[in-house]
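**Q** This is the content of run_26.cif (mmCIF, C-alpha atoms and all ligand atoms):
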```cif
data_coords
#
loop_
_atom_site.label_atom_id
_atom_site.label_comp_id
_atom_site.auth_asym_id
_atom_site.auth_seq_id
_atom_site.Cartn_x
_atom_site.Cartn_y
_atom_site.Cartn_z
CA MET A 1 23.03 28.73 -36.85
CA THR A 2 21.91 25.83 -34.63
CA GLU A 3 20.64 26.88 -31.24
CA VAL A 4 22.14 24.88 -28.39
CA THR A 5 19.93 24.45 -25.31
CA PRO A 6 22.09 24.97 -22.22
CA PRO A 7 21.83 22.38 -19.42
CA ILE A 8 19.59 23.36 -16.51
CA SER A 9 21.94 24.57 -13.83
CA GLU A 10 21.56 25.62 -10.24
CA GLY A 11 24.81 27.16 -9.08
CA GLN A 12 27.55 24.65 -9.86
CA ARG A 13 25.15 21.72 -10.00
CA VAL A 14 23.75 20.58 -13.34
CA LEU A 15 20.21 19.27 -13.04
CA LYS A 16 19.01 16.60 -15.43
CA GLN A 17 15.86 17.14 -17.45
CA PRO A 18 13.18 15.41 -15.36
CA ALA A 19 11.69 12.14 -16.59
CA ILE A 20 7.94 11.82 -16.09
CA SER A 21 5.26 9.15 -16.15
CA PHE A 22 1.49 9.39 -15.90
CA GLU A 23 -1.11 7.23 -14.20
CA PHE A 24 -4.65 6.82 -15.52
CA PHE A 25 -7.62 4.78 -14.39
CA PRO A 26 -9.75 2.73 -16.77
CA PRO A 27 -12.91 4.62 -17.78
CA LYS A 28 -16.38 3.31 -16.84
CA THR A 29 -18.54 5.10 -19.39
CA GLU A 30 -18.23 6.32 -22.97
CA GLU A 31 -18.05 9.89 -21.71
CA MET A 32 -15.21 9.02 -19.35
CA GLU A 33 -13.48 7.18 -22.16
CA LYS A 34 -13.60 10.28 -24.34
CA SER A 35 -12.28 12.43 -21.53
CA LEU A 36 -9.43 9.95 -20.87
CA TRP A 37 -8.43 10.00 -24.52
CA ASP A 38 -8.50 13.81 -24.66
CA THR A 39 -6.17 13.68 -21.65
CA ILE A 40 -3.85 11.12 -23.24
CA LYS A 41 -3.67 13.18 -26.46
CA ARG A 42 -2.84 16.33 -24.51
CA LEU A 43 -0.16 14.68 -22.36
CA ALA A 44 1.43 12.31 -24.89
CA PRO A 45 3.55 15.03 -26.58
CA LEU A 46 5.30 15.56 -23.22
CA ALA A 47 7.01 12.21 -23.98
CA PRO A 48 6.49 10.36 -20.68
CA SER A 49 8.79 7.36 -20.06
CA PHE A 50 5.62 5.29 -19.58
CA VAL A 51 1.94 5.63 -18.76
CA SER A 52 0.27 3.28 -16.30
CA VAL A 53 -3.33 2.13 -15.99
CA THR A 54 -4.70 1.10 -12.61
CA TYR A 55 -6.45 -2.14 -11.74
CA GLY A 56 -9.70 -1.57 -9.83
CA ALA A 57 -9.94 -2.64 -6.20
CA GLY A 58 -10.43 -6.39 -5.97
CA GLY A 59 -9.72 -6.82 -9.69
CA SER A 60 -12.97 -5.08 -10.60
CA THR A 61 -11.60 -3.46 -13.76
CA ARG A 62 -9.69 -6.45 -15.15
CA GLU A 63 -11.15 -6.19 -18.66
CA ARG A 64 -11.28 -2.41 -18.73
CA THR A 65 -7.63 -2.13 -17.67
CA HIS A 66 -6.73 -4.59 -20.42
CA SER A 67 -8.70 -2.78 -23.13
CA THR A 68 -7.29 0.62 -22.12
CA ILE A 69 -3.75 -0.77 -22.23
CA ALA A 70 -4.43 -2.46 -25.59
CA ARG A 71 -5.77 0.79 -27.07
CA ILE A 72 -2.76 2.77 -25.84
CA LEU A 73 -0.50 0.21 -27.53
CA ALA A 74 -2.51 0.24 -30.75
CA GLU A 75 -3.08 3.97 -31.12
CA THR A 76 -0.11 5.74 -29.55
CA GLU A 77 3.66 5.58 -29.28
CA LEU A 78 3.40 5.49 -25.49
CA LEU A 79 4.78 2.62 -23.43
CA PRO A 80 1.97 1.30 -21.23
CA ALA A 81 2.40 -0.26 -17.79
CA ALA A 82 -0.49 -2.39 -16.52
CA HIS A 83 -1.24 -2.42 -12.78
CA LEU A 84 -2.09 -5.85 -11.40
CA THR A 85 -2.99 -7.00 -7.87
CA CYS A 86 -3.08 -10.37 -6.09
CA VAL A 87 -6.67 -9.84 -4.91
CA GLY A 88 -9.70 -11.86 -5.93
CA ALA A 89 -8.15 -14.33 -8.35
CA ALA A 90 -6.38 -17.69 -8.36
CA ARG A 91 -2.77 -17.87 -9.55
CA GLY A 92 -3.86 -19.38 -12.86
CA GLU A 93 -6.13 -16.43 -13.58
CA ILE A 94 -3.43 -13.90 -12.74
CA ASP A 95 -0.90 -15.83 -14.86
CA GLU A 96 -3.37 -15.73 -17.74
CA ILE A 97 -3.76 -11.95 -17.41
CA VAL A 98 0.03 -11.57 -17.54
CA ARG A 99 0.25 -13.90 -20.55
CA ARG A 100 -2.37 -11.86 -22.42
CA TYR A 101 -0.45 -8.66 -21.70
CA HIS A 102 2.79 -10.22 -22.87
CA ASP A 103 1.12 -11.50 -26.05
CA ILE A 104 -0.04 -8.03 -27.09
CA GLY A 105 3.38 -6.52 -26.40
CA VAL A 106 3.11 -5.12 -22.88
CA ARG A 107 6.54 -5.14 -21.21
CA HIS A 108 5.87 -3.31 -17.95
CA ILE A 109 3.65 -4.33 -15.02
CA VAL A 110 3.06 -2.49 -11.74
CA ALA A 111 2.69 -5.46 -9.39
CA LEU A 112 0.77 -4.93 -6.14
CA ARG A 113 -0.74 -6.87 -3.29
CA GLY A 114 -3.91 -4.78 -3.53
CA ASP A 115 -6.37 -3.56 -0.94
CA PRO A 116 -8.62 -5.91 1.03
CA PRO A 117 -11.70 -6.90 -0.96
CA GLY A 118 -13.83 -5.08 1.67
CA GLY A 119 -11.87 -1.85 1.17
CA ILE A 120 -9.09 -0.07 3.10
CA GLY A 121 -9.31 -0.75 6.82
CA THR A 122 -10.94 -4.20 6.53
CA ALA A 123 -9.07 -7.46 7.03
CA PHE A 124 -6.92 -8.52 4.10
CA SER A 125 -7.43 -11.90 2.47
CA THR A 126 -6.44 -13.26 -0.88
CA HIS A 127 -7.95 -16.01 -2.98
CA PRO A 128 -7.00 -19.37 -1.35
CA ASP A 129 -5.21 -20.40 -4.56
CA GLY A 130 -3.97 -16.90 -5.27
CA TYR A 131 -0.66 -15.11 -4.86
CA GLN A 132 -0.50 -14.25 -1.18
CA THR A 133 2.01 -11.39 -1.27
CA SER A 134 3.36 -8.84 -3.72
CA PRO A 135 6.90 -10.34 -3.72
CA GLU A 136 5.34 -13.68 -4.79
CA LEU A 137 3.58 -11.95 -7.68
CA VAL A 138 6.73 -10.08 -8.73
CA ALA A 139 8.78 -13.30 -8.63
CA SER A 140 6.24 -15.18 -10.71
CA ILE A 141 6.09 -12.49 -13.42
CA LYS A 142 9.89 -12.25 -13.63
CA ARG A 143 10.35 -16.03 -13.66
CA ARG A 144 7.96 -16.51 -16.56
CA TYR A 145 8.70 -13.28 -18.46
CA PRO A 146 12.19 -11.91 -17.74
CA ASP A 147 11.56 -9.27 -20.44
CA ILE A 148 8.73 -7.69 -18.44
CA GLU A 149 9.85 -4.77 -16.31
CA VAL A 150 8.19 -4.81 -12.89
CA SER A 151 7.50 -1.71 -10.83
CA VAL A 152 6.11 -1.83 -7.28
CA SER A 153 4.74 0.50 -4.60
CA ALA A 154 6.62 2.30 -1.82
CA TYR A 155 5.27 4.16 1.21
CA PRO A 156 7.13 7.27 2.49
CA GLU A 157 4.76 7.29 5.51
CA LYS A 158 4.77 3.45 5.69
CA HIS A 159 1.79 1.39 4.66
CA PRO A 160 -1.11 1.75 7.14
CA GLU A 161 -1.06 -2.03 7.85
CA SER A 162 2.66 -2.04 8.53
CA PRO A 163 3.66 -2.13 12.21
CA ASP A 164 6.76 0.03 11.58
CA PHE A 165 9.11 1.30 8.88
CA ASP A 166 11.47 -1.68 9.22
CA ALA A 167 8.67 -4.15 8.47
CA ASP A 168 7.48 -1.99 5.60
CA ILE A 169 10.94 -1.74 4.07
CA ASP A 170 11.43 -5.51 4.54
CA VAL A 171 8.58 -5.96 2.05
CA LEU A 172 10.09 -3.45 -0.37
CA LYS A 173 13.40 -5.33 -0.12
CA ALA A 174 11.62 -8.64 -0.83
CA LYS A 175 10.00 -7.11 -3.92
CA VAL A 176 13.37 -5.86 -5.17
CA ASP A 177 14.98 -9.25 -4.47
CA ALA A 178 12.16 -10.80 -6.51
CA GLY A 179 13.04 -8.63 -9.51
CA ALA A 180 11.31 -5.25 -9.18
CA THR A 181 13.40 -2.46 -10.68
CA ARG A 182 11.40 0.65 -9.78
CA ALA A 183 9.17 1.72 -6.90
CA ILE A 184 6.53 4.41 -7.22
CA THR A 185 5.52 6.08 -3.99
CA GLN A 186 2.14 6.57 -2.47
CA VAL A 187 1.19 10.24 -2.71
CA PHE A 188 2.81 12.51 -0.08
CA PHE A 189 2.72 16.25 0.46
CA ASP A 190 5.66 16.81 2.80
CA ASN A 191 8.92 16.41 0.90
CA ASP A 192 10.87 15.79 4.14
CA LEU A 193 8.93 12.53 4.57
CA TYR A 194 10.12 11.39 1.15
CA PHE A 195 13.76 12.28 1.81
CA ARG A 196 13.73 10.58 5.22
CA TYR A 197 12.18 7.48 3.67
CA LEU A 198 14.78 7.51 0.89
CA ASP A 199 17.54 7.57 3.53
CA ARG A 200 16.01 4.57 5.31
CA VAL A 201 15.63 2.65 2.04
CA ARG A 202 19.18 3.37 0.87
CA ALA A 203 20.50 2.44 4.32
CA ARG A 204 18.92 -0.99 3.79
CA GLY A 205 20.87 -1.42 0.55
CA ILE A 206 17.94 -0.79 -1.80
CA PHE A 207 19.14 1.22 -4.78
CA ILE A 208 16.31 1.07 -7.31
CA PRO A 209 14.66 4.40 -8.24
CA ILE A 210 12.02 5.43 -5.69
CA VAL A 211 9.89 7.63 -7.90
CA PRO A 212 7.75 10.21 -6.09
CA GLY A 213 4.03 9.89 -6.83
CA ILE A 214 2.58 13.40 -7.23
CA MET A 215 -1.13 14.11 -7.00
CA PRO A 216 -2.42 17.54 -7.99
CA MET A 217 -5.64 17.85 -5.99
CA HIS A 218 -8.44 18.99 -8.31
CA ASN A 219 -10.94 18.55 -5.49
CA PHE A 220 -9.18 19.01 -2.15
CA LYS A 221 -12.02 17.71 0.07
CA GLN A 222 -12.50 14.52 -1.92
CA ALA A 223 -8.78 13.94 -2.39
CA ARG A 224 -8.06 14.49 1.31
CA SER A 225 -10.56 11.87 2.35
CA PHE A 226 -9.20 9.40 -0.19
CA VAL A 227 -5.49 9.86 0.53
CA THR A 228 -5.96 9.92 4.30
CA ARG A 229 -7.57 6.50 4.16
CA ALA A 230 -4.52 5.29 2.23
CA GLY A 231 -2.20 6.49 5.01
CA THR A 232 -1.05 9.85 3.59
CA SER A 233 -0.97 12.77 6.02
CA VAL A 234 -2.32 16.11 4.89
CA PRO A 235 -0.40 18.92 6.61
CA ASP A 236 -2.35 21.81 8.17
CA TRP A 237 -0.53 24.33 5.97
CA LEU A 238 -1.90 22.50 2.92
CA ALA A 239 -5.47 22.37 4.20
CA ALA A 240 -5.24 26.11 5.00
CA LYS A 241 -4.43 26.87 1.37
CA PHE A 242 -7.78 25.40 0.29
CA GLU A 243 -9.83 27.00 3.08
CA GLY A 244 -12.96 28.77 1.85
CA LEU A 245 -12.64 27.39 -1.68
CA ASP A 246 -15.22 24.57 -1.49
CA ASP A 247 -17.51 26.36 -3.93
CA ASP A 248 -14.80 27.93 -6.07
CA ALA A 249 -13.50 25.25 -8.42
CA GLU A 250 -11.60 27.75 -10.58
CA THR A 251 -9.46 29.12 -7.74
CA ARG A 252 -9.05 25.64 -6.27
CA LYS A 253 -7.54 24.54 -9.54
CA LEU A 254 -5.03 27.39 -9.57
CA VAL A 255 -4.09 26.69 -5.95
CA ALA A 256 -3.76 22.95 -6.63
CA ALA A 257 -1.44 23.58 -9.58
CA THR A 258 0.65 26.05 -7.56
CA VAL A 259 1.00 23.64 -4.61
CA ALA A 260 1.94 20.62 -6.72
CA ALA A 261 4.28 22.67 -8.92
CA GLY A 262 6.01 23.97 -5.78
CA GLN A 263 6.40 20.43 -4.49
CA VAL A 264 7.96 19.05 -7.66
CA GLN A 265 10.19 22.07 -8.18
CA LYS A 266 11.55 21.71 -4.64
CA LEU A 267 12.12 17.98 -5.12
CA ASN A 268 13.84 18.71 -8.43
CA LYS A 269 16.11 21.34 -6.84
CA HIS A 270 17.16 18.65 -4.36
CA GLY A 271 18.17 16.32 -7.16
CA VAL A 272 14.96 14.33 -7.79
CA ASP A 273 14.72 13.94 -11.54
CA THR A 274 11.86 11.45 -12.02
CA PHE A 275 8.18 12.04 -11.25
CA HIS A 276 5.05 9.90 -11.52
CA PHE A 277 1.81 11.91 -11.79
CA TYR A 278 -1.52 10.63 -10.53
CA THR A 279 -3.47 12.42 -13.28
CA MET A 280 -7.02 11.41 -12.21
CA ASN A 281 -7.54 11.28 -16.00
CA ARG A 282 -7.24 15.06 -16.26
CA ALA A 283 -4.56 16.85 -18.23
CA ASP A 284 -4.71 20.52 -17.29
CA LEU A 285 -2.90 20.67 -13.94
CA VAL A 286 -0.35 18.01 -14.84
CA PHE A 287 0.41 19.74 -18.13
CA ALA A 288 0.98 23.06 -16.33
CA ILE A 289 3.20 21.45 -13.67
CA CYS A 290 5.30 19.71 -16.33
CA HIS A 291 5.62 23.05 -18.13
CA LEU A 292 6.98 24.59 -14.93
CA LEU A 293 9.47 21.71 -14.71
CA GLY A 294 10.77 22.78 -18.12
CA ILE A 295 9.07 19.98 -20.05
CA ARG A 296 7.69 21.03 -23.42
CA PRO A 297 5.71 19.14 -26.07
CA SER A 298 7.58 17.74 -29.07
CA GLY A 299 10.90 17.60 -27.26
CA ALA A 300 11.39 21.40 -27.25
CA GLN A 301 12.81 21.36 -23.73
CA LYS A 302 13.39 24.52 -21.74
CA ALA A 303 15.29 25.27 -18.54
CA ALA A 304 12.89 25.30 -15.57
P1 LIG A 401 2.83 -4.45 -0.36
O1 LIG A 401 3.98 -3.69 -0.90
O2 LIG A 401 2.79 -5.88 -0.60
O3 LIG A 401 2.72 -4.21 1.17
C1 LIG A 401 2.70 -2.87 1.68
C2 LIG A 401 2.94 -2.92 3.16
O4 LIG A 401 1.82 -3.47 3.82
C3 LIG A 401 4.10 -3.80 3.47
O5 LIG A 401 5.23 -3.03 3.62
C4 LIG A 401 3.71 -4.56 4.71
O6 LIG A 401 4.39 -4.00 5.81
C5 LIG A 401 2.24 -4.32 4.84
N1 LIG A 401 1.57 -5.59 4.66
C6 LIG A 401 1.31 -6.22 3.50
N2 LIG A 401 0.63 -7.36 3.72
C7 LIG A 401 0.46 -7.41 5.05
C8 LIG A 401 -0.17 -8.33 5.91
N3 LIG A 401 -0.78 -9.42 5.43
N4 LIG A 401 -0.16 -8.08 7.24
C9 LIG A 401 0.43 -6.97 7.73
N5 LIG A 401 1.04 -6.06 6.97
C10 LIG A 401 1.06 -6.28 5.65
N6 LIG A 401 -4.48 -0.72 -5.58
C11 LIG A 401 -5.30 -1.30 -6.49
O7 LIG A 401 -6.24 -2.00 -6.11
N7 LIG A 401 -5.10 -1.11 -7.84
C12 LIG A 401 -4.07 -0.37 -8.33
O8 LIG A 401 -3.92 -0.23 -9.54
C13 LIG A 401 -3.17 0.24 -7.40
N8 LIG A 401 -2.09 0.96 -7.83
C14 LIG A 401 -1.24 1.48 -6.90
C15 LIG A 401 -0.08 2.16 -7.36
C16 LIG A 401 0.82 2.70 -6.45
C17 LIG A 401 2.03 3.43 -6.96
C18 LIG A 401 0.58 2.58 -5.05
C19 LIG A 401 1.53 3.19 -4.06
C20 LIG A 401 -0.54 1.90 -4.59
C21 LIG A 401 -1.45 1.33 -5.50
N9 LIG A 401 -2.58 0.63 -5.07
C22 LIG A 401 -3.43 0.05 -6.00
C23 LIG A 401 -2.88 0.51 -3.64
C24 LIG A 401 -2.32 -0.78 -3.03
O9 LIG A 401 -2.95 -1.90 -3.63
C25 LIG A 401 -2.61 -0.77 -1.54
O10 LIG A 401 -1.88 0.22 -0.89
C26 LIG A 401 -2.47 -2.11 -0.84
O11 LIG A 401 -3.00 -2.00 0.46
C27 LIG A 401 -1.05 -2.61 -0.69
O12 LIG A 401 -0.57 -3.14 -1.86
P2 LIG A 401 1.03 -3.07 -2.11
O13 LIG A 401 1.41 -3.87 -3.26
O14 LIG A 401 1.42 -1.66 -2.08
O15 LIG A 401 1.47 -3.79 -0.78
#
```
Take the structure from the file and write it as C-alpha cells.
**A**
Amino acid sequence: MTEVTPPISEGQRVLKQPAISFEFFPPKTEEMEKSLWDTIKRLAPLAPSFVSVTYGAGGSTRERTHSTIARILAETELLPAAHLTCVGAARGEIDEIVRRYHDIGVRHIVALRGDPPGGIGTAFSTHPDGYQTSPELVASIKRRYPDIEVSVSAYPEKHPESPDFDADIDVLKAKVDAGATRAITQVFFDNDLYFRYLDRVRARGIFIPIVPGIMPMHNFKQARSFVTRAGTSVPDWLAAKFEGLDDDAETRKLVAATVAAGQVQKLNKHGVDTFHFYTMNRADLVFAICHLLGIRPSGAQKAA
C-alpha cells in the first residue's frame, strides 16, 4: 500500500512545506574549500530552491565567487545564484562578469549596491564609470539578459544609511520596478520587525516574496559585532541566552540551533513558507533547523 504524507496542518490552516535556500561565501584556502564542499554535500539533499555565493566587500572575491559558482554548476544539481555589487568596478567590467555567468549557465544573480570600499560606516562611493545604485544594476542585468532572475536585499530594520523606512522602501520599489523578483532580508532576530516591515512593503504595493534571512549564530560574540554593524538589533533576551557561554562552544551551538529553530518555526506558524539561511559555510545547525521545519533529505518530507 502506498503511504500518503498528510499536509502539515495547524488547526484549520494548511501550511505549505517550506522552501529553503542557502548562502555560502567563497573559500580563501584549500582547507576552507574542503569544508565548504563538505557543507554543500551535507545540505544539497535538502533540495534548496537555490544556493547563493557572496561577493566579497569591494569586489574582492570576484574570481573566487565565479569559480565557486562554476563548480556548483559543474558538480551538483543545485541552482546557483551569484551575488554581485556595484562597488569597485566600471560598468564594462560588471557587464563582463554578468556575461561570463550567463555563458556558463547561471540564471540567478543577487544584485546589490555593496558596502563602501572603506567598510560599513565610511562614506559610500562607486567607481566613476560604475553603476551608481542597485536599481541601475538590476535594470542593466534584466535589459541584457531577461532570462536571468534577479534577487535583491531588503532591510526589516531599514538600511543603516537610510534616513527612514519610506526612503528605504523607495529603493526596494525601484529595484522591483527594474525587474527584481525576490528580496532576501538582512538578518533579524525579532520576528515582529519582519512582520511590521512586510506590512509597510505591501502597503507600498510591493508584492514580490520578501524572504527572511536566518542566521544561526555559531559564535554569538563575533556574530553580534558583525550584524550590529550592518544595522541589525540584537535583543537583550537573545544576548542573555548566550551569557556565560564564551568558552563553551558545544553548549553555544545547541543554544544557537534552538534559538534559530524557534525563530523559523514561529515564522512558519504565521504563514512564512520560504527561508534563506546564512550558513557561514557550516552545515550542522542549518541541517538541524531544516529537520525541525520538517525538511528531510531525498524528498522524504515530514510534518514539522
Ligand atoms: P540598496 O538596496 O541599494 O540600498 C539599501 C538602502 O541604503 C536603501 O534603501 C537606501 O535608503 C540606502 N542608500 C543606498 N545608497 C544610499 C546613498 N548613496 N545615500 C543614502 N542612502 C543610501 N555585500 C557584499 O559586499 N557582498 C555580498 O555578497 C552581499 N550580499 C548581501 C546579501 C543580502 C541578502 C543582504 C541583505 C546584504 C548583502 N550585502 C552584501 C550587504 C550590502 O552590500 C550592504 O548592506 C550595502 O550597504 C547595501 O547594498 P544593497 O544592495 O543592500 O543596498
**Q** Using only C-alpha atoms and all ligand atoms, what are the residues with an atom within 6 Å of ligand LIG 401 (chain A), set out as a ChimeraX atom specification?
**A** /A:54-57,83,112-115,133-134,153-154,159,161-162,167-169,171,184-186
**Q** Leu238 of chain A: which residues within 9 Å, counting only C-alpha atoms, same-chain residues fewer than 4 positions away excluded, as a PDB file with C-alpha atoms, in the frame of the given file?
**A**
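Final output, saved to selection.pdb:
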```pdb
ATOM      1  CA  PHE A 189       2.720  16.250   0.460  1.00  0.00           C
ATOM      2  CA  VAL A 234      -2.320  16.110   4.890  1.00  0.00           C
ATOM      3  CA  PHE A 242      -7.780  25.400   0.290  1.00  0.00           C
ATOM      4  CA  VAL A 259       1.000  23.640  -4.610  1.00  0.00           C
TER       5      VAL A 259
END
```
**Q** Is it possible to get the axis-aligned box enclosing segment 262-269 of chain A (all listed atoms, 4 Å extra per side) as AutoDock Vina command-line options, with centre and edge lengths in Å rounded to one decimal?
**A**
```
--center_x 11.1 --center_y 21.0 --center_z -6.5 --size_x 18.1 --size_y 14.0 --size_z 11.9
```
**Q** Contacts of Phe207 of chain A at 12 Å or less, counting all atoms listed in the file, minus same-chain residues fewer than 2 places along, as a ChimeraX atom specification?
**A** /A:172-173,176-177,180-183,198-205,209-211
**Q** Skip Val53 of chain A itself and residues of its chain fewer than 5 positions away, then list as a PyMOL selection string all residues within 12 Å of it, counting only C-alpha atoms.
**A** chain A and resi 21-27+36+40+61-72+79-84+106+108-111+277-281
**Q** How would the residues just chosen look if you wrote them out with C-alpha atoms as a PDB file, in the frame of the given file?
**A**
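Okay, this is what ended up in out04.pdb:
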```pdb
ATOM      1  CA  SER A  21       5.260   9.150 -16.150  1.00  0.00           C
ATOM      2  CA  PHE A  22       1.490   9.390 -15.900  1.00  0.00           C
ATOM      3  CA  GLU A  23      -1.110   7.230 -14.200  1.00  0.00           C
ATOM      4  CA  PHE A  24      -4.650   6.820 -15.520  1.00  0.00           C
ATOM      5  CA  PHE A  25      -7.620   4.780 -14.390  1.00  0.00           C
ATOM      6  CA  PRO A  26      -9.750   2.730 -16.770  1.00  0.00           C
ATOM      7  CA  PRO A  27     -12.910   4.620 -17.780  1.00  0.00           C
ATOM      8  CA  LEU A  36      -9.430   9.950 -20.870  1.00  0.00           C
ATOM      9  CA  ILE A  40      -3.850  11.120 -23.240  1.00  0.00           C
ATOM     10  CA  THR A  61     -11.600  -3.460 -13.760  1.00  0.00           C
ATOM     11  CA  ARG A  62      -9.690  -6.450 -15.150  1.00  0.00           C
ATOM     12  CA  GLU A  63     -11.150  -6.190 -18.660  1.00  0.00           C
ATOM     13  CA  ARG A  64     -11.280  -2.410 -18.730  1.00  0.00           C
ATOM     14  CA  THR A  65      -7.630  -2.130 -17.670  1.00  0.00           C
ATOM     15  CA  HIS A  66      -6.730  -4.590 -20.420  1.00  0.00           C
ATOM     16  CA  SER A  67      -8.700  -2.780 -23.130  1.00  0.00           C
ATOM     17  CA  THR A  68      -7.290   0.620 -22.120  1.00  0.00           C
ATOM     18  CA  ILE A  69      -3.750  -0.770 -22.230  1.00  0.00           C
ATOM     19  CA  ALA A  70      -4.430  -2.460 -25.590  1.00  0.00           C
ATOM     20  CA  ARG A  71      -5.770   0.790 -27.070  1.00  0.00           C
ATOM     21  CA  ILE A  72      -2.760   2.770 -25.840  1.00  0.00           C
ATOM     22  CA  LEU A  79       4.780   2.620 -23.430  1.00  0.00           C
ATOM     23  CA  PRO A  80       1.970   1.300 -21.230  1.00  0.00           C
ATOM     24  CA  ALA A  81       2.400  -0.260 -17.790  1.00  0.00           C
ATOM     25  CA  ALA A  82      -0.490  -2.390 -16.520  1.00  0.00           C
ATOM     26  CA  HIS A  83      -1.240  -2.420 -12.780  1.00  0.00           C
ATOM     27  CA  LEU A  84      -2.090  -5.850 -11.400  1.00  0.00           C
ATOM     28  CA  VAL A 106       3.110  -5.120 -22.880  1.00  0.00           C
ATOM     29  CA  HIS A 108       5.870  -3.310 -17.950  1.00  0.00           C
ATOM     30  CA  ILE A 109       3.650  -4.330 -15.020  1.00  0.00           C
ATOM     31  CA  VAL A 110       3.060  -2.490 -11.740  1.00  0.00           C
ATOM     32  CA  ALA A 111       2.690  -5.460  -9.390  1.00  0.00           C
ATOM     33  CA  PHE A 277       1.810  11.910 -11.790  1.00  0.00           C
ATOM     34  CA  TYR A 278      -1.520  10.630 -10.530  1.00  0.00           C
ATOM     35  CA  THR A 279      -3.470  12.420 -13.280  1.00  0.00           C
ATOM     36  CA  MET A 280      -7.020  11.410 -12.210  1.00  0.00           C
ATOM     37  CA  ASN A 281      -7.540  11.280 -16.000  1.00  0.00           C
TER      38      ASN A 281
END
```
**Q** For Pro18 of chain A, which of A:Ser298, A:Ser49, A:Ser151, A:Gln132 is the closest residue, counting all atoms listed in the file?
**A**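 Going through A:Ser298, A:Ser49, A:Ser151, A:Gln132 one by one, the smallest distance to Pro18 of chain A is for A:Ser49.
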**Q** So how many Å separate atom CA of Asp247 of chain A and atom CA of Val286 of chain A, to one decimal?
**A**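 A separation of 22.0 Å between them.
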**Q** Calculated over only C-alpha atoms, which of the candidates A:Gln263, A:Ser52, A:Thr39, A:Thr122 has the smallest distance to Asp190 of chain A?
**A**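 Looking at the shortest contact to Asp190 of chain A, the residue is A:Gln263.
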**Q** Set the distance at 7 Å and use all atoms listed in the file: which residues neighbour Thr126 of chain A once local chain neighbours fewer than 4 positions away are removed? I'd like the list as a list of chain:residue names.
**A** A:Cys86, A:Val87, A:Gly88, A:Gly130, A:Gln132
**Q** Name the residues in contact with Gln265 of chain A at a cut-off of 7 Å, using all atoms listed in the file, excluding same-chain residues fewer than 4 positions from it; report them as a VMD selection string.
**A** chain A and resid 261 269 293
**Q** With distances taken over all atoms listed in the file, which of A:Asp192, A:Asp273, A:Asp170, A:Asp284 is nearest to Lys253 of chain A?
**A**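 Among the listed residues, A:Asp284 lies closest to Lys253 of chain A.
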**Q** Do you have the atom CA of Ile120 of chain A-atom CA of Arg229 of chain A distance handy?
**A**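 Separation of atom CA of Ile120 of chain A and atom CA of Arg229 of chain A: 6.8 Å.
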**Q** Find the residue from A:Tyr145, A:Phe124, A:Phe50, A:Phe165 that sits nearest to Leu73 of chain A; use all atoms listed in the file when measuring.
**A** A:Phe50
**Q** What does the distance from atom CA of Arg42 of chain A to atom CA of Met215 of chain A come to in Å, to one decimal?
**A**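 Atom-to-atom, atom CA of Arg42 of chain A and atom CA of Met215 of chain A are spaced 17.7 Å apart.
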**Q** Measuring atom to atom with all atoms listed in the file, identify which of A:Tyr131, A:Arg282, A:Ala230, A:Ile295 is nearest to Trp37 of chain A.
**A**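 For Trp37 of chain A, the nearest of the given residues is A:Arg282.
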